[in-house]
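Data file: upload.pdb. Format and content: PDB, C-alpha atoms.
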```pdb
ATOM      1  CA  MET A   1     108.266 102.366 -25.454
ATOM      2  CA  LYS A   2     111.766 101.634 -26.747
ATOM      3  CA  ARG A   3     113.485 104.948 -26.103
ATOM      4  CA  LYS A   4     114.089 106.370 -22.649
ATOM      5  CA  GLU A   5     113.578 110.068 -23.326
ATOM      6  CA  LEU A   6     114.504 112.512 -20.572
ATOM      7  CA  ILE A   7     111.551 114.745 -19.662
ATOM      8  CA  SER A   8     112.220 118.109 -18.023
ATOM      9  CA  ILE A   9     109.379 119.101 -15.700
ATOM     10  CA  ILE A  10     109.110 122.891 -15.339
ATOM     11  CA  ILE A  11     107.406 124.243 -12.179
ATOM     12  CA  PRO A  12     107.260 127.928 -11.168
ATOM     13  CA  TYR A  13     106.833 128.360  -7.414
ATOM     14  CA  PHE A  14     105.211 131.342  -5.712
ATOM     15  CA  LYS A  15     103.646 130.929  -2.253
ATOM     16  CA  LYS A  16     102.207 127.442  -2.839
ATOM     17  CA  LYS A  17     103.297 125.851   0.437
ATOM     18  CA  LYS A  18      99.835 124.497   1.170
ATOM     19  CA  TYR A  19      99.744 122.306  -1.962
ATOM     20  CA  PHE A  20     103.345 121.840  -3.106
ATOM     21  CA  LYS A  21     104.073 118.585  -1.270
ATOM     22  CA  GLU A  22     101.031 116.947  -2.846
ATOM     23  CA  THR A  23     102.116 118.160  -6.281
ATOM     24  CA  ILE A  24     105.623 116.753  -5.865
ATOM     25  CA  LYS A  25     104.250 113.480  -4.489
ATOM     26  CA  SER A  26     102.168 113.066  -7.663
ATOM     27  CA  ILE A  27     105.377 113.444  -9.689
ATOM     28  CA  LEU A  28     107.357 111.042  -7.496
ATOM     29  CA  ASN A  29     104.587 108.477  -8.035
ATOM     30  CA  GLN A  30     104.957 108.558 -11.833
ATOM     31  CA  THR A  31     105.410 105.153 -13.472
ATOM     32  CA  TYR A  32     107.814 106.837 -15.920
ATOM     33  CA  GLN A  33     110.851 107.891 -13.916
ATOM     34  CA  ASN A  34     113.314 109.326 -16.438
ATOM     35  CA  TYR A  35     112.732 112.973 -15.607
ATOM     36  CA  GLU A  36     114.316 116.010 -14.007
ATOM     37  CA  ILE A  37     112.449 118.665 -12.034
ATOM     38  CA  ILE A  38     113.264 122.333 -12.476
ATOM     39  CA  ILE A  39     111.754 124.668  -9.876
ATOM     40  CA  ILE A  40     111.801 128.395 -10.510
ATOM     41  CA  TYR A  41     111.440 130.033  -7.104
ATOM     42  CA  ASP A  42     109.578 133.176  -8.161
ATOM     43  CA  ASP A  43     109.641 135.164  -4.927
ATOM     44  CA  GLU A  44     112.131 137.703  -3.577
ATOM     45  CA  CYS A  45     111.083 136.578  -0.089
ATOM     46  CA  LEU A  46     113.098 133.436   0.703
ATOM     47  CA  LYS A  47     110.884 132.360   3.607
ATOM     48  CA  GLU A  48     109.635 129.199   1.848
ATOM     49  CA  LEU A  49     112.892 128.255   0.095
ATOM     50  CA  ASN A  50     114.019 125.737   2.720
ATOM     51  CA  PHE A  51     110.581 124.136   2.581
ATOM     52  CA  VAL A  52     110.926 123.764  -1.198
ATOM     53  CA  LYS A  53     114.405 122.249  -0.856
ATOM     54  CA  SER A  54     113.206 119.836   1.811
ATOM     55  CA  THR A  55     110.229 118.736  -0.328
ATOM     56  CA  LEU A  56     112.569 117.917  -3.220
ATOM     57  CA  LYS A  57     115.171 116.019  -1.193
ATOM     58  CA  LYS A  58     114.133 112.578  -2.537
ATOM     59  CA  ILE A  59     114.503 113.692  -6.155
ATOM     60  CA  LYS A  60     117.913 112.961  -7.662
ATOM     61  CA  ARG A  61     117.746 115.160 -10.745
ATOM     62  CA  LYS A  62     116.584 118.621  -9.817
ATOM     63  CA  LYS A  63     117.453 122.292 -10.106
ATOM     64  CA  ILE A  64     116.168 125.260  -8.128
ATOM     65  CA  ILE A  65     116.455 128.618  -9.862
ATOM     66  CA  LEU A  66     116.011 131.760  -7.762
ATOM     67  CA  ASN A  67     114.333 134.829  -9.235
ATOM     68  CA  LYS A  68     115.363 138.177  -7.778
ATOM     69  CA  LYS A  69     111.691 139.190  -7.657
ATOM     70  CA  ASN A  70     108.250 137.892  -8.659
ATOM     71  CA  TYR A  71     108.397 137.865 -12.475
ATOM     72  CA  GLY A  72     105.319 135.704 -13.036
ATOM     73  CA  ALA A  73     104.804 132.181 -14.345
ATOM     74  CA  GLY A  74     105.556 132.878 -18.017
ATOM     75  CA  ILE A  75     108.990 134.454 -17.571
ATOM     76  CA  SER A  76     109.811 131.862 -14.902
ATOM     77  CA  ARG A  77     109.021 128.958 -17.225
ATOM     78  CA  ASN A  78     111.189 130.505 -19.933
ATOM     79  CA  LYS A  79     114.091 130.609 -17.457
ATOM     80  CA  GLY A  80     113.469 127.009 -16.450
ATOM     81  CA  ILE A  81     113.540 125.868 -20.067
ATOM     82  CA  LEU A  82     116.993 127.437 -20.515
ATOM     83  CA  TYR A  83     118.339 125.168 -17.756
ATOM     84  CA  SER A  84     116.547 122.014 -18.951
ATOM     85  CA  LYS A  85     118.359 119.006 -20.410
ATOM     86  CA  GLY A  86     115.428 116.917 -21.661
ATOM     87  CA  ASN A  87     114.317 116.574 -25.270
ATOM     88  CA  TYR A  88     110.748 116.790 -23.948
ATOM     89  CA  LEU A  89     109.232 119.391 -21.627
ATOM     90  CA  ALA A  90     106.255 118.932 -19.328
ATOM     91  CA  PHE A  91     104.694 121.823 -17.423
ATOM     92  CA  CYS A  92     103.058 121.654 -14.017
ATOM     93  CA  ASP A  93     101.798 124.387 -11.735
ATOM     94  CA  ALA A  94     102.918 124.103  -8.109
ATOM     95  CA  ASP A  95      99.408 123.263  -6.865
ATOM     96  CA  ASP A  96      98.235 120.900  -9.641
ATOM     97  CA  LEU A  97      98.399 117.101  -9.619
ATOM     98  CA  TRP A  98      99.295 114.356 -12.086
ATOM     99  CA  LEU A  99      97.878 110.848 -12.251
ATOM    100  CA  LYS A 100     100.588 108.197 -11.993
ATOM    101  CA  ASN A 101     100.600 107.194 -15.694
ATOM    102  CA  LYS A 102     100.613 110.750 -17.015
ATOM    103  CA  LEU A 103     104.183 110.924 -18.295
ATOM    104  CA  PHE A 104     104.271 107.347 -19.595
ATOM    105  CA  LEU A 105     101.006 107.499 -21.543
ATOM    106  CA  GLN A 106     101.585 110.979 -22.925
ATOM    107  CA  LEU A 107     105.150 110.364 -24.065
ATOM    108  CA  ASN A 108     104.102 107.076 -25.674
ATOM    109  CA  PHE A 109     101.255 108.890 -27.459
ATOM    110  CA  MET A 110     103.673 111.492 -28.808
ATOM    111  CA  LEU A 111     106.290 108.976 -29.949
ATOM    112  CA  LYS A 112     103.710 106.703 -31.583
ATOM    113  CA  ASN A 113     102.137 109.585 -33.526
ATOM    114  CA  ASN A 114     105.316 111.606 -34.089
ATOM    115  CA  LEU A 115     103.885 114.694 -32.376
ATOM    116  CA  MET A 116     105.624 117.915 -31.423
ATOM    117  CA  ILE A 117     103.071 118.808 -28.730
ATOM    118  CA  CYS A 118      99.973 117.340 -27.093
ATOM    119  CA  HIS A 119      97.645 117.904 -24.168
ATOM    120  CA  THR A 120      95.156 115.753 -22.239
ATOM    121  CA  ASN A 121      91.821 115.709 -20.461
ATOM    122  CA  TYR A 122      91.893 116.964 -16.893
ATOM    123  CA  PHE A 123      89.959 117.001 -13.642
ATOM    124  CA  ILE A 124      89.153 120.177 -11.705
ATOM    125  CA  ILE A 125      89.806 119.891  -7.968
ATOM    126  CA  ASN A 126      89.149 122.225  -5.062
ATOM    127  CA  GLU A 127      91.410 123.289  -2.201
ATOM    128  CA  LYS A 128      90.738 119.951  -0.472
ATOM    129  CA  SER A 129      91.747 117.996  -3.607
ATOM    130  CA  GLU A 130      88.137 116.922  -4.176
ATOM    131  CA  VAL A 131      87.066 116.546  -7.803
ATOM    132  CA  ILE A 132      84.525 119.249  -8.650
ATOM    133  CA  GLY A 133      84.597 118.977 -12.443
ATOM    134  CA  LYS A 134      86.227 117.354 -15.413
ATOM    135  CA  TYR A 135      87.059 118.447 -18.921
ATOM    136  CA  SER A 136      87.601 116.397 -22.071
ATOM    137  CA  VAL A 137      89.608 117.699 -25.015
ATOM    138  CA  ASN A 138      89.078 117.459 -28.758
ATOM    139  CA  ASP A 139      91.243 115.132 -30.821
ATOM    140  CA  LYS A 140      92.895 118.140 -32.419
ATOM    141  CA  LEU A 141      92.753 121.936 -32.401
ATOM    142  CA  ASN A 142      93.650 124.373 -35.161
ATOM    143  CA  TYR A 143      94.355 128.094 -34.853
ATOM    144  CA  ASN A 144      90.721 129.180 -35.319
ATOM    145  CA  ASP A 145      89.521 126.632 -32.742
ATOM    146  CA  LEU A 146      91.995 127.908 -30.191
ATOM    147  CA  LEU A 147      91.326 131.558 -30.962
ATOM    148  CA  LYS A 148      87.700 131.034 -29.867
ATOM    149  CA  SER A 149      88.484 129.272 -26.630
ATOM    150  CA  CYS A 150      91.619 128.291 -24.733
ATOM    151  CA  ASP A 151      90.908 124.590 -24.204
ATOM    152  CA  ILE A 152      94.426 123.547 -23.233
ATOM    153  CA  GLY A 153      95.263 122.954 -19.573
ATOM    154  CA  LEU A 154      98.812 124.101 -18.850
ATOM    155  CA  SER A 155      99.614 121.183 -16.541
ATOM    156  CA  THR A 156      98.493 118.693 -19.199
ATOM    157  CA  VAL A 157     100.931 119.863 -21.886
ATOM    158  CA  MET A 158     104.005 117.993 -23.095
ATOM    159  CA  LEU A 159     106.084 119.200 -26.028
ATOM    160  CA  LYS A 160     109.411 118.752 -27.753
ATOM    161  CA  LYS A 161     111.975 121.189 -26.437
ATOM    162  CA  GLN A 162     112.980 122.210 -29.955
ATOM    163  CA  LEU A 163     109.662 124.066 -30.289
ATOM    164  CA  MET A 164     110.840 126.459 -27.600
ATOM    165  CA  ASN A 165     113.855 127.496 -29.636
ATOM    166  CA  GLN A 166     111.458 129.667 -31.625
ATOM    167  CA  TYR A 167     108.656 130.434 -29.163
ATOM    168  CA  LYS A 168     108.412 131.643 -25.564
ATOM    169  CA  PHE A 169     105.810 132.140 -22.858
ATOM    170  CA  ASN A 170     104.424 135.662 -22.711
ATOM    171  CA  LYS A 171     104.919 138.004 -19.734
ATOM    172  CA  LEU A 172     101.146 138.426 -19.208
ATOM    173  CA  ARG A 173      99.943 137.350 -15.771
ATOM    174  CA  THR A 174      97.098 135.012 -16.810
ATOM    175  CA  LYS A 175      97.257 134.370 -20.582
ATOM    176  CA  GLU A 176     100.971 133.677 -20.915
ATOM    177  CA  ASP A 177     100.406 130.046 -21.926
ATOM    178  CA  TYR A 178      97.492 130.811 -24.257
ATOM    179  CA  PHE A 179      99.723 133.123 -26.294
ATOM    180  CA  LEU A 180     102.305 130.349 -26.651
ATOM    181  CA  TRP A 181      99.766 127.755 -27.818
ATOM    182  CA  LEU A 182      98.440 130.199 -30.431
ATOM    183  CA  GLN A 183     101.929 130.839 -31.758
ATOM    184  CA  ILE A 184     102.729 127.132 -31.923
ATOM    185  CA  VAL A 185      99.490 126.008 -33.558
ATOM    186  CA  LYS A 186      99.811 128.754 -36.155
ATOM    187  CA  LYS A 187     103.107 127.157 -37.163
ATOM    188  CA  ILE A 188     102.352 123.426 -36.949
ATOM    189  CA  LYS A 189      98.601 123.651 -37.860
ATOM    190  CA  TYR A 190      97.268 121.253 -35.183
ATOM    191  CA  ILE A 191      97.699 120.546 -31.480
ATOM    192  CA  TYR A 192      96.542 117.016 -30.679
ATOM    193  CA  GLY A 193      94.675 115.868 -27.589
ATOM    194  CA  LEU A 194      94.996 112.592 -25.679
ATOM    195  CA  ASN A 195      91.507 111.654 -24.537
ATOM    196  CA  GLN A 196      92.442 110.504 -21.029
ATOM    197  CA  HIS A 197      92.168 112.337 -17.708
ATOM    198  CA  LEU A 198      95.799 112.473 -16.595
ATOM    199  CA  SER A 199      96.031 115.757 -14.652
ATOM    200  CA  SER A 200      94.099 117.695 -12.033
ATOM    201  CA  TRP A 201      93.874 121.483 -12.154
ATOM    202  CA  ARG A 202      93.339 123.082  -8.752
ATOM    203  CA  LYS A 203      90.801 125.879  -8.561
ATOM    204  CA  THR A 204      91.535 128.193  -5.652
ATOM    205  CA  LYS A 205      89.740 131.330  -4.535
ATOM    206  CA  ASN A 206      92.681 133.725  -4.674
ATOM    207  CA  SER A 207      94.498 132.525  -7.787
ATOM    208  CA  LEU A 208      95.068 134.869 -10.742
ATOM    209  CA  SER A 209      93.363 132.359 -13.028
ATOM    210  CA  SER A 210      90.198 132.698 -10.906
ATOM    211  CA  SER A 211      90.013 136.477 -11.405
ATOM    212  CA  THR A 212      87.456 137.208 -14.145
ATOM    213  CA  PHE A 213      88.543 140.833 -14.491
ATOM    214  CA  GLN A 214      92.234 139.913 -14.793
ATOM    215  CA  LYS A 215      91.466 137.279 -17.429
ATOM    216  CA  ILE A 216      89.392 139.684 -19.549
ATOM    217  CA  LEU A 217      92.045 142.396 -19.240
ATOM    218  CA  ASP A 218      94.824 140.013 -20.252
ATOM    219  CA  SER A 219      92.690 138.663 -23.097
ATOM    220  CA  TYR A 220      92.394 142.157 -24.495
ATOM    221  CA  LYS A 221      96.147 142.774 -24.122
ATOM    222  CA  LEU A 222      96.836 139.470 -25.858
ATOM    223  CA  TYR A 223      94.646 140.222 -28.872
ATOM    224  CA  ARG A 224      95.490 143.939 -29.102
ATOM    225  CA  VAL A 225      99.174 144.196 -28.211
ATOM    226  CA  HIS A 226     100.660 140.780 -28.828
ATOM    227  CA  LEU A 227      98.539 139.509 -31.724
ATOM    228  CA  LYS A 228      98.243 143.064 -33.117
ATOM    229  CA  ASN A 229      94.521 143.170 -33.833
ATOM    230  CA  ASN A 230      92.729 146.522 -33.954
ATOM    231  CA  PHE A 231      90.744 147.879 -31.005
ATOM    232  CA  ILE A 232      87.283 146.660 -32.086
ATOM    233  CA  ILE A 233      88.451 143.172 -33.081
ATOM    234  CA  SER A 234      90.341 142.838 -29.806
ATOM    235  CA  ILE A 235      87.242 143.764 -27.790
ATOM    236  CA  LEU A 236      85.062 141.326 -29.748
ATOM    237  CA  LEU A 237      87.565 138.489 -29.427
ATOM    238  CA  SER A 238      87.895 139.130 -25.675
ATOM    239  CA  LEU A 239      84.125 139.026 -25.214
ATOM    240  CA  ARG A 240      83.858 135.847 -27.278
ATOM    241  CA  LEU A 241      86.586 134.214 -25.213
ATOM    242  CA  ALA A 242      84.746 135.140 -21.999
ATOM    243  CA  ILE A 243      81.480 133.678 -23.334
ATOM    244  CA  TYR A 244      83.185 130.432 -24.363
ATOM    245  CA  ALA A 245      84.818 130.239 -20.925
ATOM    246  CA  LEU A 246      81.403 130.575 -19.269
ATOM    247  CA  ASN A 247      79.964 127.864 -21.511
ATOM    248  CA  LYS A 248      82.921 125.626 -20.628
ATOM    249  CA  LYS A 249      82.215 126.079 -16.913
ATOM    250  CA  ILE A 250      78.627 124.966 -17.479
ATOM    251  CA  LEU A 251      79.824 121.957 -19.487
ATOM    252  CA  ILE A 252      82.272 120.991 -16.739
ATOM    253  CA  LEU A 253      79.509 121.026 -14.138
ATOM    254  CA  LYS A 254      77.330 118.838 -16.367
ATOM    255  CA  ASN A 255      80.206 116.381 -16.885
ATOM    256  CA  ILE A 256      80.845 115.887 -13.187
ATOM    257  CA  ASN A 257      77.202 115.025 -12.655
ATOM    258  CA  ASN A 258      77.189 112.410 -15.421
TER     259      ASN A 258
END
```
Hey, can you dump this file as structure tokens for me?
Amino acid sequence: MKRKELISIIIPYFKKKKYFKETIKSILNQTYQNYEIIIIYDDECLKELNFVKSTLKKIKRKKIILNKKNYGAGISRNKGILYSKGNYLAFCDADDLWLKNKLFLQLNFMLKNNLMICHTNYFIINEKSEVIGKYSVNDKLNYNDLLKSCDIGLSTVMLKKQLMNQYKFNKLRTKEDYFLWLQIVKKIKYIYGLNQHLSSWRKTKNSLSSSTFQKILDSYKLYRVHLKNNFIISILLSLRLAIYALNKKILILKNINN
């Protein structure tokens, strides 16, 4: 890799004290070190702010942005992007983990193939950081592929910042990233996947992403309000997305046993 691109790592934080240190440690352990970390503290309660500051004390390039209230991950990431200085953006949730070569391998993959955006395979871990599943991505996704099933893990994504001049994360509580990927792939035709497991997504009992009802509700809002489909089409697309998600869970369980 000839160029030393600055990568801005965007992390919304809302009551993740139990896992945050492990997340930051996985970033500190990266073999590629030309990055800045931007934390968006998304909580009007400042009880955990000193903990966040203390966890980041070893990181030279960092910013902590305070939200006046809990806006949600999508709006928080949009704010973080406004403060970023890197030509590349990487997203990580405050309880997810990265393998040590994640940034190096992914940036090299993007530079080599002249890509605007890519994502990777990922592991699924539990609250004890034990691997309970794994998911492998396709080489590329088009709009119709993604419309059927959201197969992009947020914490695996890296993209060129210039993409975000035109697009933003949605304000939905659970499908804010899915909306963004759909908008991007509609414009650039394909989102490419790096077939290596470089991230770990943490599945927790109380997370919004674990709520089946919330996901179905937000799916409907996405298709009906934001993508402007009619009522029937929105219902059908939401049901299809739920079915594909169930099939993916079954596939993940099979993969971990192989």
Open item on the list: I'd like to know which of A:Tyr190, A:Phe14, A:Phe20, A:Tyr135 is closest to A:Leu56, using all atoms listed in the file.
Closed with: A:Phe20
TODO: Would you work out the distance separating atom CA of A:Phe51 from atom CA of A:Tyr83, expressed in Å to one decimal?
DONE: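 For atom CA of A:Phe51 relative to atom CA of A:Tyr83, the distance reads 21.8 Å.
The list of residues within 9 Å of (111.6, 125.2, -14.8), counted using only C-alpha atoms, is Ser8, Ile9, Ile10, Ile11, Pro12, Ile37, Ile38, Ile39, Ile40, Lys63, Ile64, Ile65, Ser76, Arg77, Asn78, Lys79, Gly80, Ile81, Leu82, Tyr83, Ser84 and Phe91 of chain A.
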Task: Closest of A:Glu36, A:Tyr41, A:Phe179, A:Lys25 to A:Thr55 - atom-to-atom distances counting only C-alpha atoms - done: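 The shortest atom-to-atom distance to A:Thr55 comes from A:Lys25.
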Any chance you could work out the residue set of the PyMOL selection byres ((chain A and resi 27) around 12) here, as a short mmCIF file (atom, residue, chain, number, x, y, z; two decimals) with C-alpha atoms, in the frame of the given file?
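As a result, part.cif now contains:
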```
data_model
loop_
_atom_site.label_atom_id
_atom_site.label_comp_id
_atom_site.auth_asym_id
_atom_site.auth_seq_id
_atom_site.Cartn_x
_atom_site.Cartn_y
_atom_site.Cartn_z
CA ILE A 7 111.55 114.74 -19.66
CA SER A 8 112.22 118.11 -18.02
CA ILE A 9 109.38 119.10 -15.70
CA ILE A 10 109.11 122.89 -15.34
CA ILE A 11 107.41 124.24 -12.18
CA PHE A 20 103.34 121.84 -3.11
CA LYS A 21 104.07 118.58 -1.27
CA GLU A 22 101.03 116.95 -2.85
CA THR A 23 102.12 118.16 -6.28
CA ILE A 24 105.62 116.75 -5.86
CA LYS A 25 104.25 113.48 -4.49
CA SER A 26 102.17 113.07 -7.66
CA LEU A 28 107.36 111.04 -7.50
CA ASN A 29 104.59 108.48 -8.04
CA GLN A 30 104.96 108.56 -11.83
CA THR A 31 105.41 105.15 -13.47
CA TYR A 32 107.81 106.84 -15.92
CA GLN A 33 110.85 107.89 -13.92
CA ASN A 34 113.31 109.33 -16.44
CA TYR A 35 112.73 112.97 -15.61
CA GLU A 36 114.32 116.01 -14.01
CA ILE A 37 112.45 118.66 -12.03
CA THR A 55 110.23 118.74 -0.33
CA LEU A 56 112.57 117.92 -3.22
CA LYS A 58 114.13 112.58 -2.54
CA ILE A 59 114.50 113.69 -6.16
CA ALA A 90 106.26 118.93 -19.33
CA PHE A 91 104.69 121.82 -17.42
CA CYS A 92 103.06 121.65 -14.02
CA ASP A 93 101.80 124.39 -11.74
CA ALA A 94 102.92 124.10 -8.11
CA ASP A 95 99.41 123.26 -6.86
CA ASP A 96 98.24 120.90 -9.64
CA LEU A 97 98.40 117.10 -9.62
CA TRP A 98 99.30 114.36 -12.09
CA LEU A 99 97.88 110.85 -12.25
CA LYS A 100 100.59 108.20 -11.99
CA ASN A 101 100.60 107.19 -15.69
CA LYS A 102 100.61 110.75 -17.02
CA LEU A 103 104.18 110.92 -18.30
CA PHE A 104 104.27 107.35 -19.60
CA SER A 155 99.61 121.18 -16.54
CA LEU A 198 95.80 112.47 -16.60
CA SER A 199 96.03 115.76 -14.65
#
```
Open item on the list: Can you tell me which residues surround A:Asn170 at a distance of at most 9 Å, considering all atoms listed in the file, apart from same-chain residues fewer than 4 positions away, and format the answer as a list in words?
Closed with: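 Within the cut-off, the hits are Gly74, Ile75, Asn78, Lys175, Glu176, Asp177, Tyr178, Phe179, Leu180 and His226 of chain A.
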Output C-alpha atoms for every residue in the selection just made, as a PDB file, in the coordinates of the input.
```
ATOM      1  CA  GLY A  74     105.556 132.878 -18.017  1.00  0.00           C
ATOM      2  CA  ILE A  75     108.990 134.454 -17.571  1.00  0.00           C
ATOM      3  CA  ASN A  78     111.189 130.505 -19.933  1.00  0.00           C
ATOM      4  CA  LYS A 175      97.257 134.370 -20.582  1.00  0.00           C
ATOM      5  CA  GLU A 176     100.971 133.677 -20.915  1.00  0.00           C
ATOM      6  CA  ASP A 177     100.406 130.046 -21.926  1.00  0.00           C
ATOM      7  CA  TYR A 178      97.492 130.811 -24.257  1.00  0.00           C
ATOM      8  CA  PHE A 179      99.723 133.123 -26.294  1.00  0.00           C
ATOM      9  CA  LEU A 180     102.305 130.349 -26.651  1.00  0.00           C
ATOM     10  CA  HIS A 226     100.660 140.780 -28.828  1.00  0.00           C
TER      11      HIS A 226
END
```
TODO: Could you check which of A:Ala73, A:Glu48, A:Asn142, A:Leu6 is closest to A:Lys168, using all atoms listed in the file?
DONE: A:Ala73
